[in-house]
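Taking it in order: structure first as structure tokens, then the write-up.
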Amino acid sequence: MAPHTKIQNIRIDGHKLTAIALNDQNTPGHPVVLIHGISASVRFWGDDQTSPFREQGPCYSLSLPGHYPAEFPPNFQKGALTAEMIGRVLAKAISELLGERKVTLVGVSTGGFAALAIALYAPELVGRIVCISGFCHGRWTGALGLYQWLARQGAIGRALFKMGYSLARSNRAIFTYLWQMPAADRKALRAYPYLDACVSATYPDFRRLDLDALAAYFEVMPDISICNRLSSIRAPTLVMAGDHDPIVQPDQARIIARSVPGASLAMIKGGGHLLFAERPKVYHRVLREWLDATNAE
């Protein structure tokens with residue numbers, strides 16, 4: 001993790017959101033805001049992942065609503081969890097951080113969905129979008145698809161959902177092993193030299209996740225879609241996905257790239273959901289080439 005790691009709390013409409021500056025706030029260039037995925041935290045973005053973005057300007061990690069150390073408002077109801085809520089709350093947080101400056105939004109998985117939602121509901125803030133392993137329809141597959149099914153099976157299903165997550169956060173070795181679930185190339189993931197640093201940065205926050213808040217995401221997201229609204233996004237957009245992603249169907253990336261005018265699609269051969277670790281050289285090359293090209297626009 002970069003040396004600038006002090007948590008900044010932001011209060012928006014009863015939500016407590018959190019942000020971390022990942023480099024010097026006086027770095028010249030255009031601001032970059034990074035948003036993590038489901039069940040991760042604001043500390044997800046390590047130095048290796050963020051190096052292409054920290055070169056662009058002041059760089060911040062921003063939490064998804066309800067993800068520790070962020071918190072939902074007291075008595076938050078799952079029906080309030082919508083694409084519009086996510087987009088508008090995060091947009092207000094970005095305005096608190098950076099005023100009216102346009103930003104490059106970078107999101108992975110649910111963070112990629114959130115970046116698209118911000119562009120829909122607060123387009124005036126968005127200069128560019130990088131959607132990594134993201135989606136426009138929140139129905140997941142693989143292990144997370146199973147957890148979505150459990151969260152929607154009433155009290156017994158929710159209890160089983162919580163038991164699964166409680167087991168995962170009870171032991172660091174189990175948590176480390178579960179990083180393999182969203183990967184297509186597990187050998188490459190295990191060989192990633194910064195994997196232990198990622199685990200160390202995220203495990204303490206994972207242990208303190210609000211499981212009721214997490215269950216709300218898993219229950220609600222399958223019914224949320226912004227696919228038919230993507231054509232209204234005007235910001236330059238890069239869509240990155242692995243062609244063997246076991247969590248988000250690769251066709252979602254194709255839909256986003258086809259629907260957002262002028263979007264670029266980078267479909268990474270043999271990659272799964274964790275492209276930064278499974279295909280790090282391609283990840284860095286694609287990002288730097290696209291960022292350099294769109295800097296001139």
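Starting from 1 in every chain, residues are counted up; chains themselves are A, B, ... following the order of the structure tokens, and ligands are numbered from 1 as listed.
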
*Extract, using only C-alpha atoms, all DNA, RNA and protein residues at most 8 Å from stretch 248-252 of chain A, discarding same-chain residues fewer than 6 positions from it, and format them as a PyMOL selection string.*
chain A and resi 109+133-137+139-141+241-242+273

*Name the residues in contact with stretch 88-96 of chain A at a cut-off of 7 Å, using only C-alpha atoms, excluding same-chain residues fewer than 5 positions from it; report them as an MDAnalysis selection string.*
chainID A and resid 10 12 118 121:122

Write out the residues from the selection above, keeping N, CA and C atoms, as an mmCIF file, in the first residue's frame.
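Below is the file part17.cif, written as the result:
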```cif
data_model
loop_
_atom_site.group_PDB
_atom_site.id
_atom_site.type_symbol
_atom_site.label_atom_id
_atom_site.label_comp_id
_atom_site.auth_asym_id
_atom_site.auth_seq_id
_atom_site.Cartn_x
_atom_site.Cartn_y
_atom_site.Cartn_z
ATOM 1 N N ILE A 10 -16.266 10.327 5.111
ATOM 2 C CA ILE A 10 -17.136 11.267 4.410
ATOM 3 C C ILE A 10 -18.580 10.893 4.723
ATOM 4 N N ILE A 12 -22.423 11.192 3.838
ATOM 5 C CA ILE A 12 -23.306 11.522 2.723
ATOM 6 C C ILE A 12 -24.670 10.879 2.971
ATOM 7 N N ILE A 118 -22.216 5.943 -11.591
ATOM 8 C CA ILE A 118 -21.860 7.347 -11.360
ATOM 9 C C ILE A 118 -21.943 8.127 -12.663
ATOM 10 N N TYR A 121 -25.621 8.943 -13.362
ATOM 11 C CA TYR A 121 -26.361 9.843 -12.474
ATOM 12 C C TYR A 121 -25.614 11.134 -12.144
ATOM 13 N N ALA A 122 -24.329 11.191 -12.459
ATOM 14 C CA ALA A 122 -23.569 12.435 -12.252
ATOM 15 C C ALA A 122 -22.537 12.577 -13.366
#
```

Residues of stretch 35-132 of chain A within 10 Å of stretch 289-296 of chain A: nearest atom pair and distance (Å, one decimal) for each, counting only C-alpha atoms, sorted by chain and number, as a tab-separated table?
```
residue	atom	partner	partner_atom	distance
A:Pro52	CA	A:Leu291	CA	8.2
A:Phe53	CA	A:Leu291	CA	8.4
A:Glu55	CA	A:Leu291	CA	9.9
A:Gln56	CA	A:Leu291	CA	8.1
A:Thr104	CA	A:Leu291	CA	9.6
A:Gly127	CA	A:Thr294	CA	9.8
A:Arg128	CA	A:Thr294	CA	8.2
A:Val130	CA	A:Leu291	CA	9.3
```

Keeping only C-alpha atoms, write the selected residues as a PDB file, in the first residue's frame.
```
ATOM      1  CA  PRO A  52      -0.656   3.094 -13.922  1.00  0.00           C
ATOM      2  CA  PHE A  53      -3.197   5.351 -12.210  1.00  0.00           C
ATOM      3  CA  GLU A  55       1.014   8.436 -12.723  1.00  0.00           C
ATOM      4  CA  GLN A  56      -2.132  10.240 -13.933  1.00  0.00           C
ATOM      5  CA  THR A 104     -11.095   9.192 -14.069  1.00  0.00           C
ATOM      6  CA  GLY A 127     -13.868  12.401 -17.452  1.00  0.00           C
ATOM      7  CA  ARG A 128     -13.012   8.749 -18.175  1.00  0.00           C
ATOM      8  CA  VAL A 130     -12.057   2.100 -16.578  1.00  0.00           C
TER       9      VAL A 130
END
```

_Residues flagged strand (DSSP E) by DSSP in stretch 83-114 of chain A, as a list in words_ =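 Restricting stretch 83-114 of chain A to strand (DSSP E) produces Val103, Thr104, Leu105, Val106, Gly107 and Val108 of chain A.
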
*asked:* Neighbouring residues of stretch 167-174 of chain A were defined as those with any atom within 12 Å, considering only C-alpha atoms; residues of the same chain fewer than 3 positions away were excluded. Please report them as an MDAnalysis selection string.
replied: chainID A and resid 39:40 160:164 177:181 196 199:211
